[in-house]
>>> print(open('upload_14.tsv').read())   # TSV, C-alpha atoms
chain	number	residue	atom	x	y	z
A	11	MET	CA	-23.60	-14.30	42.71
A	12	ALA	CA	-25.98	-11.32	42.92
A	13	PHE	CA	-29.22	-11.69	44.90
A	14	GLY	CA	-28.63	-15.43	45.09
A	15	HIS	CA	-28.35	-15.76	41.30
A	16	LEU	CA	-25.32	-16.51	39.19
A	17	SER	CA	-23.90	-13.58	37.21
A	18	ALA	CA	-23.88	-13.69	33.42
A	19	ARG	CA	-20.11	-14.10	33.53
A	20	GLU	CA	-20.38	-17.06	35.86
A	21	LEU	CA	-23.08	-18.62	33.72
A	22	ALA	CA	-20.97	-18.16	30.63
A	23	GLU	CA	-18.06	-19.84	32.38
A	24	LEU	CA	-20.28	-22.88	32.95
A	25	TRP	CA	-20.74	-23.55	29.23
A	26	PRO	CA	-21.26	-26.27	27.96
A	27	ASP	CA	-22.17	-28.15	31.16
A	28	GLY	CA	-24.15	-25.39	32.86
A	29	GLY	CA	-27.41	-27.31	32.64
A	30	ALA	CA	-26.08	-29.82	35.15
A	31	HIS	CA	-25.04	-27.14	37.65
A	32	PRO	CA	-27.13	-27.54	40.86
A	33	HIS	CA	-28.14	-23.88	41.04
A	34	VAL	CA	-28.99	-23.56	37.33
A	35	ALA	CA	-31.02	-26.76	37.52
A	36	LYS	CA	-33.14	-25.34	40.37
A	37	CYS	CA	-33.31	-21.59	39.59
A	38	ASP	CA	-35.62	-20.65	36.70
A	39	ASP	CA	-34.09	-17.18	36.24
A	40	CYS	CA	-30.57	-18.52	36.03
A	41	ARG	CA	-31.75	-21.31	33.77
A	42	ALA	CA	-33.36	-18.82	31.39
A	43	GLU	CA	-30.26	-16.66	31.42
A	44	TYR	CA	-28.05	-19.67	30.83
A	45	ASP	CA	-30.24	-20.80	27.90
A	46	ALA	CA	-30.00	-17.36	26.34
A	47	LEU	CA	-26.22	-17.44	26.65
A	48	ALA	CA	-26.19	-20.96	25.29
A	49	GLN	CA	-27.73	-19.60	22.08
A	50	VAL	CA	-24.62	-17.52	21.57
A	51	PHE	CA	-22.31	-20.49	22.07
A	52	LEU	CA	-24.44	-22.70	19.87
A	53	ALA	CA	-24.38	-20.06	17.17
A	54	ALA	CA	-20.59	-19.88	17.48
A	55	ARG	CA	-20.37	-23.66	17.07
A	56	ASP	CA	-22.68	-23.53	14.05
A	57	ALA	CA	-20.58	-20.76	12.62
A	58	ALA	CA	-17.51	-22.99	12.77
A	59	ASP	CA	-19.45	-25.74	10.99
A	60	GLU	CA	-20.65	-23.31	8.36
A	61	ALA	CA	-17.10	-22.40	7.39
A	62	ASP	CA	-16.18	-26.08	7.22
A	63	GLU	CA	-19.06	-26.69	4.84
A	64	HIS	CA	-17.71	-24.04	2.49
A	65	PHE	CA	-14.13	-25.25	2.72
A	66	THR	CA	-14.42	-28.82	1.57
A	67	PRO	CA	-11.30	-31.04	1.32
A	68	ASP	CA	-11.20	-30.47	-2.44
A	69	ARG	CA	-11.33	-26.74	-2.02
A	70	LEU	CA	-8.61	-26.84	0.62
A	71	ALA	CA	-6.44	-28.98	-1.67
A	72	ALA	CA	-6.88	-26.44	-4.46
A	73	GLN	CA	-6.05	-23.65	-2.04
A	74	HIS	CA	-2.92	-25.49	-0.93
A	75	ALA	CA	-1.76	-25.96	-4.52
A	76	HIS	CA	-2.49	-22.34	-5.31
A	77	ILE	CA	-0.46	-21.09	-2.35
A	78	LEU	CA	2.55	-23.20	-3.35
A	79	ARG	CA	2.30	-22.04	-6.95
A	80	ARG	CA	2.24	-18.43	-5.80
A	81	LEU	CA	5.29	-18.99	-3.61
A	82	GLU	CA	7.14	-20.57	-6.51
A	83	ASN	CA	6.25	-17.71	-8.81
A	84	ALA	CA	7.27	-15.14	-6.21
A	85	GLU	CA	10.72	-16.68	-5.88
A	86	ARG	CA	11.37	-17.14	-9.55
A	87	PRO	CA	13.73	-14.42	-10.78
A	88	ALA	CA	12.12	-11.86	-12.98
A	89	ARG	CA	12.23	-12.85	-16.62
A	90	VAL	CA	14.02	-10.36	-18.77
A	91	LEU	CA	12.64	-10.34	-22.26
A	92	PRO	CA	15.30	-10.02	-24.96
A	93	PHE	CA	15.16	-7.06	-27.26
A	94	PRO	CA	13.00	-8.14	-30.20
A	95	LEU	CA	15.75	-8.68	-32.74
A	96	SER	CA	14.92	-10.66	-35.80
A	97	THR	CA	16.28	-14.17	-35.58
A	98	ARG	CA	16.84	-14.25	-39.34
A	99	PRO	CA	19.29	-11.74	-40.76
A	100	PHE	CA	17.97	-9.33	-43.29
A	101	PRO	CA	18.39	-10.69	-46.88
A	102	SER	CA	21.93	-9.70	-47.81
A	103	VAL	CA	22.71	-8.25	-51.21
A	104	ARG	CA	25.75	-9.58	-52.92
A	105	ASN	CA	28.72	-7.29	-53.13
A	106	GLY	CA	28.56	-7.01	-56.93
A	107	ALA	CA	24.89	-6.03	-56.87
A	108	ARG	CA	25.55	-3.52	-54.10
A	109	ARG	CA	28.24	-1.90	-56.22
A	110	TRP	CA	25.83	-1.62	-59.18
A	111	ILE	CA	23.16	-0.03	-57.00
A	112	ALA	CA	25.67	2.55	-55.74
A	113	ALA	CA	26.82	3.32	-59.28
A	114	ALA	CA	23.22	3.73	-60.50
A	115	ALA	CA	22.43	6.09	-57.64
A	116	ALA	CA	25.54	8.17	-58.37
A	117	ALA	CA	24.68	8.29	-62.08
A	118	GLY	CA	21.13	9.38	-61.28
A	119	LEU	CA	22.41	12.14	-59.07
A	120	LEU	CA	24.86	13.33	-61.70
A	121	THR	CA	22.17	13.34	-64.39
A	122	GLY	CA	19.89	15.34	-62.13
A	123	ILE	CA	22.55	17.96	-61.49
A	124	VAL	CA	23.43	18.29	-65.19
A	125	ALA	CA	19.73	18.55	-66.19
A	126	GLY	CA	19.12	21.19	-63.55
A	127	ARG	CA	22.06	23.24	-64.78
A	128	ALA	CA	20.93	22.94	-68.40
A	129	PHE	CA	17.40	24.06	-67.48
A	130	GLU	CA	18.71	27.13	-65.68
A	131	PHE	CA	20.99	27.95	-68.61
A	132	GLY	CA	18.08	27.59	-71.06
A	133	ASN	CA	15.91	30.03	-69.08
A	134	SER	CA	18.57	32.72	-68.91
A	135	TRP	CA	19.33	32.30	-72.66
A	136	ARG	CA	15.65	32.65	-73.66
A	137	ASN	CA	15.20	35.80	-71.60
A	138	SER	CA	17.98	37.55	-73.55
A	139	PRO	CA	16.64	40.28	-76.09
A	140	ARG	CA	17.97	38.50	-79.13
A	141	VAL	CA	16.13	35.31	-78.33
A	142	GLN	CA	12.86	37.20	-77.64
A	143	THR	CA	12.96	38.75	-81.14
A	144	GLU	CA	13.53	35.37	-82.67
A	145	THR	CA	10.57	34.02	-80.72
A	146	GLN	CA	8.25	36.71	-82.06
A	147	THR	CA	9.38	35.96	-85.60
A	148	LEU	CA	8.72	32.32	-85.08
A	149	ALA	CA	5.22	33.07	-83.71
A	150	SER	CA	4.28	35.09	-86.78
A	151	SER	CA	5.39	32.36	-89.14
A	152	SER	CA	3.02	29.70	-90.39
A	153	ARG	CA	4.74	26.97	-88.42
A	154	PRO	CA	2.98	25.97	-85.21
A	155	PRO	CA	4.47	27.75	-82.27
A	156	VAL	CA	6.88	25.78	-80.17
A	157	LEU	CA	5.85	26.18	-76.55
A	158	THR	CA	8.69	26.95	-74.33
A	159	ALA	CA	8.65	28.13	-70.76
A	160	GLY	CA	9.18	31.77	-71.79
A	161	THR	CA	6.38	31.88	-74.34
A	162	ALA	CA	3.99	29.82	-72.29
A	163	MET	CA	3.05	32.72	-70.07
A	164	ALA	CA	2.49	35.06	-73.03
A	165	ASN	CA	0.34	32.46	-74.74
A	166	ASP	CA	-1.73	31.99	-71.63
A	167	GLU	CA	-2.31	35.71	-71.41
A	168	ARG	CA	-3.46	35.86	-74.99
A	169	LEU	CA	-5.80	32.91	-74.58
A	170	LEU	CA	-7.41	34.42	-71.51
A	171	ARG	CA	-7.88	37.73	-73.30
A	172	GLU	CA	-9.61	35.95	-76.20
A	173	ILE	CA	-11.96	34.15	-73.82
A	174	GLU	CA	-12.84	37.40	-72.16
A	175	ASP	CA	-13.60	39.04	-75.51
A	176	ALA	CA	-15.71	36.08	-76.53
A	177	LEU	CA	-17.72	36.39	-73.37
A	178	VAL	CA	-18.24	40.10	-73.78
A	179	GLU	CA	-19.64	39.73	-77.26
A	180	PRO	CA	-20.89	36.34	-78.45
A	181	ARG	CA	-19.98	35.66	-81.98
A	182	VAL	CA	-22.51	32.92	-82.62
A	183	ASP	CA	-25.56	34.46	-84.34
A	184	GLU	CA	-28.03	32.12	-82.70
A	185	LEU	CA	-26.92	33.23	-79.28
A	186	ARG	CA	-27.06	36.96	-79.92
A	187	ALA	CA	-30.83	37.18	-79.25
A	188	ILE	CA	-30.45	35.37	-75.94
A	189	ASP	CA	-27.46	37.48	-75.11
A	190	ALA	CA	-29.47	40.62	-75.66
A	191	LEU	CA	-31.98	39.48	-73.09
A	192	THR	CA	-29.38	38.38	-70.48
A	193	PRO	CA	-28.28	40.94	-67.93
A	194	ARG	CA	-24.76	42.02	-68.57
A	195	VAL	CA	-23.41	40.96	-65.23
A	196	ARG	CA	-19.96	40.45	-66.50
A	197	GLU	CA	-19.83	43.97	-67.96
A	198	ALA	CA	-21.02	45.40	-64.69
A	199	SER	CA	-18.44	43.41	-62.79
A	200	LEU	CA	-15.71	44.51	-65.16
A	201	GLY	CA	-16.87	48.10	-64.80
A	202	ARG	CA	-17.44	48.62	-68.49
B	24	MET	CA	-15.66	-20.12	28.50
B	25	THR	CA	-12.17	-20.09	26.97
B	26	GLY	CA	-9.89	-23.08	26.67
B	27	ALA	CA	-7.68	-23.87	29.63
B	28	ALA	CA	-4.22	-25.43	29.42
B	29	ARG	CA	-3.43	-26.89	26.00
B	30	PRO	CA	-3.46	-30.69	25.72
B	31	ALA	CA	-0.26	-32.53	24.82
B	32	PRO	CA	-1.05	-33.02	21.09
B	33	VAL	CA	-1.55	-29.28	20.71
B	34	VAL	CA	1.77	-28.55	22.38
B	35	ALA	CA	3.45	-31.13	20.16
B	36	ALA	CA	1.87	-29.55	17.08
B	37	ARG	CA	3.13	-26.14	18.14
B	38	GLU	CA	6.62	-27.45	18.61
B	39	ALA	CA	6.44	-29.05	15.18
B	40	ASP	CA	5.32	-25.70	13.75
B	41	THR	CA	8.21	-23.89	15.35
B	42	ARG	CA	10.68	-26.49	14.07
B	43	ALA	CA	9.20	-26.30	10.56
B	44	ALA	CA	9.30	-22.49	10.55
B	45	ALA	CA	12.92	-22.50	11.73
B	46	ALA	CA	13.80	-25.03	9.03
B	47	VAL	CA	12.13	-22.95	6.33
B	48	LYS	CA	14.07	-19.91	7.46
B	49	ALA	CA	17.36	-21.82	7.40
B	50	LEU	CA	16.68	-23.34	3.98
B	51	ARG	CA	15.79	-19.99	2.50
B	52	ALA	CA	18.93	-18.45	3.97
B	53	ALA	CA	20.93	-21.26	2.36
B	54	GLY	CA	19.24	-20.57	-0.97
B	55	ASP	CA	17.43	-23.93	-1.13
B	56	HIS	CA	14.08	-22.50	-2.07
B	57	ALA	CA	12.47	-25.68	-3.32
B	58	ALA	CA	13.15	-27.47	-0.03
B	59	ALA	CA	11.99	-24.39	1.90
B	60	ARG	CA	8.70	-24.44	0.04
B	61	ASP	CA	8.26	-28.14	0.74
B	62	ARG	CA	8.68	-27.55	4.47
B	63	PHE	CA	6.39	-24.57	4.37
B	64	ALA	CA	3.77	-26.73	2.66
B	65	GLU	CA	3.54	-28.69	5.93
B	66	LEU	CA	2.64	-25.52	7.78
B	67	VAL	CA	0.06	-24.64	5.15
B	68	SER	CA	-1.56	-28.07	5.48
B	69	ARG	CA	-1.75	-27.80	9.25
B	70	HIS	CA	-3.21	-24.31	9.40
B	71	GLN	CA	-5.23	-23.69	6.27
B	72	ARG	CA	-8.54	-25.06	7.56
B	73	ARG	CA	-8.44	-23.00	10.71
B	74	ALA	CA	-7.26	-19.96	8.74
B	75	SER	CA	-10.10	-20.38	6.25
B	76	ARG	CA	-12.62	-20.51	9.07
B	77	ILE	CA	-11.31	-17.33	10.67
B	78	ALA	CA	-11.21	-15.52	7.35
B	79	PHE	CA	-14.72	-16.67	6.55
B	80	HIS	CA	-16.05	-15.28	9.84
B	81	TYR	CA	-14.55	-11.95	9.06
B	82	LEU	CA	-15.43	-11.72	5.41
B	83	ARG	CA	-18.60	-13.83	5.15
B	84	ASP	CA	-17.63	-14.76	1.61
B	85	ALA	CA	-15.91	-18.05	0.83
B	86	ALA	CA	-14.09	-16.83	-2.28
B	87	GLU	CA	-12.75	-13.74	-0.57
B	88	ALA	CA	-11.80	-15.76	2.49
B	89	ASP	CA	-9.90	-18.12	0.22
B	90	GLU	CA	-7.96	-15.20	-1.25
B	91	ALA	CA	-7.27	-13.75	2.18
B	92	VAL	CA	-5.85	-17.08	3.37
B	93	GLN	CA	-3.64	-17.38	0.32
B	94	ASP	CA	-2.37	-13.84	0.76
B	95	ALA	CA	-1.65	-14.47	4.43
B	96	PHE	CA	0.41	-17.58	3.71
B	97	VAL	CA	2.37	-15.88	0.95
B	98	LYS	CA	3.02	-12.92	3.24
B	99	ALA	CA	4.04	-15.19	6.11
B	100	TYR	CA	6.48	-17.02	3.85
B	101	SER	CA	8.05	-13.87	2.49
B	102	HIS	CA	8.34	-12.31	5.97
B	103	LEU	CA	9.44	-15.45	7.75
B	104	ALA	CA	12.77	-13.81	8.59
B	105	SER	CA	10.89	-11.61	11.07
B	106	PHE	CA	9.31	-14.61	12.83
B	107	ARG	CA	10.66	-15.18	16.33
B	108	GLU	CA	10.48	-18.69	17.74
B	109	ALA	CA	9.40	-17.33	21.15
B	110	LEU	CA	5.91	-16.87	19.71
B	111	PRO	CA	3.97	-19.85	18.33
B	112	PHE	CA	3.78	-19.81	14.54
B	113	GLU	CA	0.00	-20.12	14.79
B	114	VAL	CA	-0.24	-16.92	16.80
B	115	TRP	CA	2.11	-15.00	14.53
B	116	PHE	CA	0.34	-16.24	11.41
B	117	THR	CA	-3.15	-15.54	12.78
B	118	ARG	CA	-2.14	-11.96	13.43
B	119	ILE	CA	-1.10	-11.60	9.76
B	120	LEU	CA	-4.35	-13.20	8.65
B	121	ILE	CA	-6.59	-11.01	10.81
B	122	ASN	CA	-4.82	-7.85	9.67
B	123	GLY	CA	-5.33	-8.94	6.08
B	124	CYS	CA	-9.02	-9.60	6.70
B	125	LEU	CA	-9.50	-6.22	8.36
B	126	ASP	CA	-7.78	-4.52	5.42
B	127	ARG	CA	-10.14	-6.31	3.08
B	128	ILE	CA	-13.17	-5.23	5.10
B	129	LYS	CA	-11.98	-1.63	4.94
B	130	ALA	CA	-11.40	-1.91	1.19
B	131	ARG	CA	-14.84	-3.44	0.77
B	132	GLY	CA	-16.38	-0.54	2.67
B	133	ARG	CA	-14.65	1.89	0.35
B	134	ARG	CA	-15.85	-0.05	-2.71
B	135	GLU	CA	-19.41	-0.21	-1.46
B	136	ARG	CA	-19.55	3.53	-1.20
B	137	TRP	CA	-19.09	3.71	-4.96
B	138	ILE	CA	-20.54	0.51	-6.36
B	139	VAL	CA	-24.20	-0.44	-6.24
B	140	PRO	CA	-24.36	-3.76	-4.36
B	141	ILE	CA	-25.73	-6.81	-6.12
B	142	GLU	CA	-28.49	-8.63	-4.21
B	143	ALA	CA	-27.10	-11.43	-2.05
B	144	ALA	CA	-27.49	-14.87	-3.55
B	145	GLY	CA	-29.43	-15.99	-0.48
B	146	ASP	CA	-29.60	-19.43	0.99
B	147	ALA	CA	-28.91	-21.16	-2.30
B	148	SER	CA	-25.21	-20.32	-1.91
B	149	VAL	CA	-24.98	-21.88	1.53
B	150	PRO	CA	-24.14	-25.54	1.43
B	151	VAL	CA	-26.45	-27.94	3.20
B	152	ALA	CA	-25.05	-29.39	6.41
B	153	ARG	CA	-24.45	-33.08	6.08
B	154	GLY	CA	-25.96	-35.51	8.58
B	155	LEU	CA	-28.55	-33.04	9.92
B	156	SER	CA	-32.33	-33.30	9.72
B	157	PRO	CA	-34.07	-30.59	7.62
B	158	GLU	CA	-35.38	-28.94	10.82
B	159	ALA	CA	-31.97	-28.95	12.44
B	160	THR	CA	-30.39	-27.62	9.24
B	161	LEU	CA	-32.94	-24.83	9.08
B	162	LEU	CA	-32.44	-23.93	12.74
B	163	SER	CA	-28.70	-24.03	12.36
B	164	ARG	CA	-28.91	-21.81	9.30
B	165	GLU	CA	-31.13	-19.35	11.15
B	166	ARG	CA	-28.70	-19.23	14.04
B	167	ARG	CA	-25.76	-18.69	11.72
B	168	ARG	CA	-27.51	-15.88	9.93
B	169	ALA	CA	-28.49	-14.28	13.20
B	170	LEU	CA	-24.96	-14.63	14.56
B	171	ALA	CA	-23.43	-13.20	11.40
B	172	GLY	CA	-25.75	-10.20	11.65
B	173	ALA	CA	-25.06	-9.77	15.35
B	174	LEU	CA	-21.29	-10.17	14.95
B	175	ALA	CA	-21.32	-7.46	12.33
B	176	LYS	CA	-22.78	-5.10	14.94
B	177	LEU	CA	-19.99	-5.73	17.45
B	178	PRO	CA	-17.00	-3.44	17.76
B	179	GLU	CA	-14.02	-4.84	15.86
B	180	ARG	CA	-12.06	-5.86	18.95
B	181	GLN	CA	-14.97	-7.69	20.56
B	182	ARG	CA	-15.68	-9.50	17.34
B	183	THR	CA	-12.06	-10.61	16.96
B	184	VAL	CA	-11.89	-11.84	20.53
B	185	PHE	CA	-15.18	-13.69	20.21
B	186	VAL	CA	-14.30	-15.40	16.92
B	187	LEU	CA	-10.86	-16.45	18.10
B	188	SER	CA	-11.97	-17.75	21.47
B	189	GLN	CA	-15.46	-19.10	20.85
B	190	VAL	CA	-15.36	-20.13	17.22
B	191	GLU	CA	-11.72	-21.17	17.05
B	192	GLY	CA	-11.36	-22.28	20.65
B	193	HIS	CA	-8.24	-20.33	21.60
B	194	SER	CA	-7.47	-19.52	25.21
B	195	ALA	CA	-7.59	-15.94	26.49
B	196	ARG	CA	-3.81	-15.94	26.62
B	197	GLU	CA	-3.48	-17.01	23.00
B	198	VAL	CA	-6.05	-14.49	21.87
B	199	GLY	CA	-4.07	-11.89	23.79
B	200	GLU	CA	-0.91	-12.87	21.93
B	201	MET	CA	-2.68	-12.74	18.59
B	202	THR	CA	-4.32	-9.40	19.17
B	203	GLY	CA	-1.68	-7.70	21.28
B	204	LEU	CA	-4.09	-7.35	24.23
B	205	ASN	CA	-3.40	-8.56	27.71
B	206	GLU	CA	-5.26	-11.56	29.01
B	207	SER	CA	-7.62	-9.73	31.37
B	208	THR	CA	-8.56	-7.26	28.61
B	209	VAL	CA	-9.37	-10.20	26.36
B	210	ARG	CA	-11.67	-11.61	29.03
B	211	VAL	CA	-13.43	-8.27	29.41
B	212	HIS	CA	-13.92	-7.92	25.65
B	213	LEU	CA	-15.10	-11.48	25.39
B	214	PHE	CA	-17.67	-11.09	28.12
B	215	ARG	CA	-18.95	-7.83	26.65
B	216	ALA	CA	-19.20	-9.51	23.25
B	217	ILE	CA	-21.15	-12.45	24.67
B	218	ARG	CA	-23.52	-10.15	26.57
B	219	ARG	CA	-24.14	-8.04	23.51
B	220	LEU	CA	-24.62	-11.05	21.27
B	221	ARG	CA	-26.99	-12.61	23.75
B	222	LYS	CA	-29.13	-9.48	23.61
B	223	LEU	CA	-29.02	-9.27	19.82
B	224	LEU	CA	-29.74	-12.96	19.30
B	225	THR	CA	-32.66	-12.89	21.74
B	226	GLU	CA	-34.18	-10.08	19.70
B	227	THR	CA	-33.61	-11.93	16.42
B	228	LEU	CA	-34.37	-15.58	17.19
>>> encode(input="upload_14.tsv", output="structure tokens")
Amino acid sequence: MAFGHLSARELAELWPDGGAHPHVAKCDDCRAEYDALAQVFLAARDAADEADEHFTPDRLAAQHAHILRRLENAERPARVLPFPLSTRPFPSVRNGARRWIAAAAAAGLLTGIVAGRAFEFGNSWRNSPRVQTETQTLASSSRPPVLTAGTAMANDERLLREIEDALVEPRVDELRAIDALTPRVREASLGR
Amino acid sequence: MTGAARPAPVVAAREADTRAAAAVKALRAAGDHAAARDRFAELVSRHQRRASRIAFHYLRDAAEADEAVQDAFVKAYSHLASFREALPFEVWFTRILINGCLDRIKARGRRERWIVPIEAAGDASVPVARGLSPEATLLSRERRRALAGALAKLPERQRTVFVLSQVEGHSAREVGEMTGLNESTVRVHLFRAIRRLRKLLTETL
């Protein structure tokens, strides 16, 4: 008790019956101090009530159920997912059909090899001098030329040359006048 | 200021807690998990209201407090092997809960540094106290708001001591067991908290 008054600690110790204390009842200063401290305790009591208002019985029941569910889940052994294999087997092909498929594949392979060989042989035969002479003879004859791989390149060359000549000098009479007026860009580019 | 010797029902409840916790431990050791959970459910029922209140005072958000309580019970269950019967279950559990709440407050602080806060919902989110007149409800609400603001300004230790002793009604010895402080230190922190709160509340109210 300092200067005849109760200390704040002593006043706090008197809660909640401090109002009935003989000194507090008589001393205005101590009464005021006690009332100020009482605000703190009242606020603490209200604070407890406030939490209770938020946590209603229903909410607590839900919380309880949630906790137990979490405990159950935590204890359950980890689920191992099986490797995603198909439950139904792939559609099986009958043995006879499988044999036919294998035979067809083998035949296809064999045909491919034979055709490849024949193509190579044909190329080498056409490139021989005797065959080239025969080709020229055939080209000069009235019969339409038979395009083979060897002659194809020569024919292409000839065709391109003809196009070039046609471009250099138009053979259509109606176009000659226009051609005379047109700058000879192509000639310049060809360096003629 | 703080509760004196515990009345007989409280002592009986504590003994029941200790028995239940020991039974849960034994059942889990025996591999009877379903029975262990059933016994633990008793502990949850007995402590969840008090736990929710404590968490709410720390977090000031009912949904987050709910989560904190759930986490604390799950943690307590999974770490029950480390529980020693010498300490009341309530004390041991409250320590887990408070640590969880403090972790959440720290995490919230980190989040708030990066996220723009949404305006508080205001009074609409606060339920109306039942059985109180409108004036009393308003006054009570004002006091709560002022206390919440003032508590937030207290150092962490003073706030913990105040909430546990004044809001939850634990004795200085129990608060000491929960916080790891000795009894006289708890009293000092409690008195400092009250003095500070008195000053802050006088300025506010």
>>> interface_residues(input="upload_14.tsv", of="chain B", to="chain A", cutoff="6 Å", atoms="all atoms listed in the file", output="PyMOL selection string")
chain B and resi 24+76+93+166-167+190+221
>>> closest_residue(input="upload_14.tsv", among="B:Val92, B:Val97, B:Met201, B:Leu110", to="Ser75 of chain B", atoms="only C-alpha atoms")
B:Val92
>>> residues_around(input="upload_14.tsv", residues="Glu191 of chain B", least_positions_apart="4", cutoff="8 Å", atoms="only C-alpha atoms", output="ChimeraX atom specification")
/A:58 /B:73,77,186-187
>>> atom_distance(input="upload_14.tsv", atom1="atom CA of Ala30 of chain A", atom2="atom CA of Arg218 of chain B")
21.6 Å
>>> residues_around(input="upload_14.tsv", residues="segment 111-125 of chain B", least_positions_apart="6", cutoff="9 Å", atoms="all atoms listed in the file", output="PyMOL selection string")
chain B and resi 37-38+40-41+44+66+70+74+77-78+81-82+88+91-92+94-96+98-99+179+183+197-198+200-203
>>> write_last_selection(input="upload_14.tsv", atoms="C-alpha atoms", output="PDB file, in the frame of the given file")
ATOM      1  CA  ARG B  37       3.130 -26.140  18.140  1.00  0.00           C
ATOM      2  CA  GLU B  38       6.620 -27.450  18.610  1.00  0.00           C
ATOM      3  CA  ASP B  40       5.320 -25.700  13.750  1.00  0.00           C
ATOM      4  CA  THR B  41       8.210 -23.890  15.350  1.00  0.00           C
ATOM      5  CA  ALA B  44       9.300 -22.490  10.550  1.00  0.00           C
ATOM      6  CA  LEU B  66       2.640 -25.520   7.780  1.00  0.00           C
ATOM      7  CA  HIS B  70      -3.210 -24.310   9.400  1.00  0.00           C
ATOM      8  CA  ALA B  74      -7.260 -19.960   8.740  1.00  0.00           C
ATOM      9  CA  ILE B  77     -11.310 -17.330  10.670  1.00  0.00           C
ATOM     10  CA  ALA B  78     -11.210 -15.520   7.350  1.00  0.00           C
ATOM     11  CA  TYR B  81     -14.550 -11.950   9.060  1.00  0.00           C
ATOM     12  CA  LEU B  82     -15.430 -11.720   5.410  1.00  0.00           C
ATOM     13  CA  ALA B  88     -11.800 -15.760   2.490  1.00  0.00           C
ATOM     14  CA  ALA B  91      -7.270 -13.750   2.180  1.00  0.00           C
ATOM     15  CA  VAL B  92      -5.850 -17.080   3.370  1.00  0.00           C
ATOM     16  CA  ASP B  94      -2.370 -13.840   0.760  1.00  0.00           C
ATOM     17  CA  ALA B  95      -1.650 -14.470   4.430  1.00  0.00           C
ATOM     18  CA  PHE B  96       0.410 -17.580   3.710  1.00  0.00           C
ATOM     19  CA  LYS B  98       3.020 -12.920   3.240  1.00  0.00           C
ATOM     20  CA  ALA B  99       4.040 -15.190   6.110  1.00  0.00           C
ATOM     21  CA  GLU B 179     -14.020  -4.840  15.860  1.00  0.00           C
ATOM     22  CA  THR B 183     -12.060 -10.610  16.960  1.00  0.00           C
ATOM     23  CA  GLU B 197      -3.480 -17.010  23.000  1.00  0.00           C
ATOM     24  CA  VAL B 198      -6.050 -14.490  21.870  1.00  0.00           C
ATOM     25  CA  GLU B 200      -0.910 -12.870  21.930  1.00  0.00           C
ATOM     26  CA  MET B 201      -2.680 -12.740  18.590  1.00  0.00           C
ATOM     27  CA  THR B 202      -4.320  -9.400  19.170  1.00  0.00           C
ATOM     28  CA  GLY B 203      -1.680  -7.700  21.280  1.00  0.00           C
TER      29      GLY B 203
END
>>> atom_distance(input="upload_14.tsv", atom1="atom CA of Lys176 of chain B", atom2="atom CA of Ala216 of chain B")
10.1 Å
>>> atom_distance(input="upload_14.tsv", atom1="atom CA of Arg62 of chain B", atom2="atom CA of Asn83 of chain A")
16.7 Å
>>> residues_around(input="upload_14.tsv", residues="Val184 of chain B", least_positions_apart="6", cutoff="7 Å", atoms="all atoms listed in the file", output="count of residues only")
4
>>> closest_residue(input="upload_14.tsv", among="B:Leu50, B:Ala45, B:Ser163, B:Arg72", to="Arg107 of chain B", atoms="only C-alpha atoms")
B:Ala45
>>> closest_residue(input="upload_14.tsv", among="B:Ala104, B:Phe185, B:Arg83, B:Ala109", to="Ala52 of chain B", atoms="all atoms listed in the file")
B:Ala104
>>> decode(input="upload_14.tsv", residues="segment 99-127 of chain B", atoms="C-alpha atoms", output="JSON list (two decimals), in the first residue's frame")
[["chain", "number", "residue", "atom", "x", "y", "z"],
["B", 99, "ALA", "CA", -1.41, -34.35, -30.37],
["B", 100, "TYR", "CA", -2.77, -37.71, -31.50],
["B", 101, "SER", "CA", 0.16, -38.46, -33.75],
["B", 102, "HIS", "CA", 2.70, -37.41, -31.09],
["B", 103, "LEU", "CA", 0.93, -38.99, -28.16],
["B", 104, "ALA", "CA", 3.88, -41.33, -27.64],
["B", 105, "SER", "CA", 5.84, -38.31, -26.38],
["B", 106, "PHE", "CA", 3.17, -37.40, -23.81],
["B", 107, "ARG", "CA", 4.26, -37.99, -20.23],
["B", 108, "GLU", "CA", 1.57, -38.60, -17.64],
["B", 109, "ALA", "CA", 3.38, -36.37, -15.12],
["B", 110, "LEU", "CA", 2.01, -33.36, -17.00],
["B", 111, "PRO", "CA", -1.76, -32.86, -17.38],
["B", 112, "PHE", "CA", -2.96, -33.58, -20.90],
["B", 113, "GLU", "CA", -4.60, -30.15, -20.97],
["B", 114, "VAL", "CA", -1.29, -28.43, -20.34],
["B", 115, "TRP", "CA", 0.59, -30.51, -22.89],
["B", 116, "PHE", "CA", -2.12, -30.03, -25.50],
["B", 117, "THR", "CA", -2.43, -26.27, -24.88],
["B", 118, "ARG", "CA", 1.28, -25.90, -25.51],
["B", 119, "ILE", "CA", 0.87, -27.62, -28.90],
["B", 120, "LEU", "CA", -2.12, -25.41, -29.68],
["B", 121, "ILE", "CA", -0.40, -22.14, -28.75],
["B", 122, "ASN", "CA", 2.68, -23.03, -30.79],
["B", 123, "GLY", "CA", 0.43, -23.76, -33.75],
["B", 124, "CYS", "CA", -1.37, -20.44, -33.34],
["B", 125, "LEU", "CA", 1.91, -18.53, -33.12],
["B", 126, "ASP", "CA", 3.14, -20.27, -36.27],
["B", 127, "ARG", "CA", -0.04, -19.23, -38.02]]
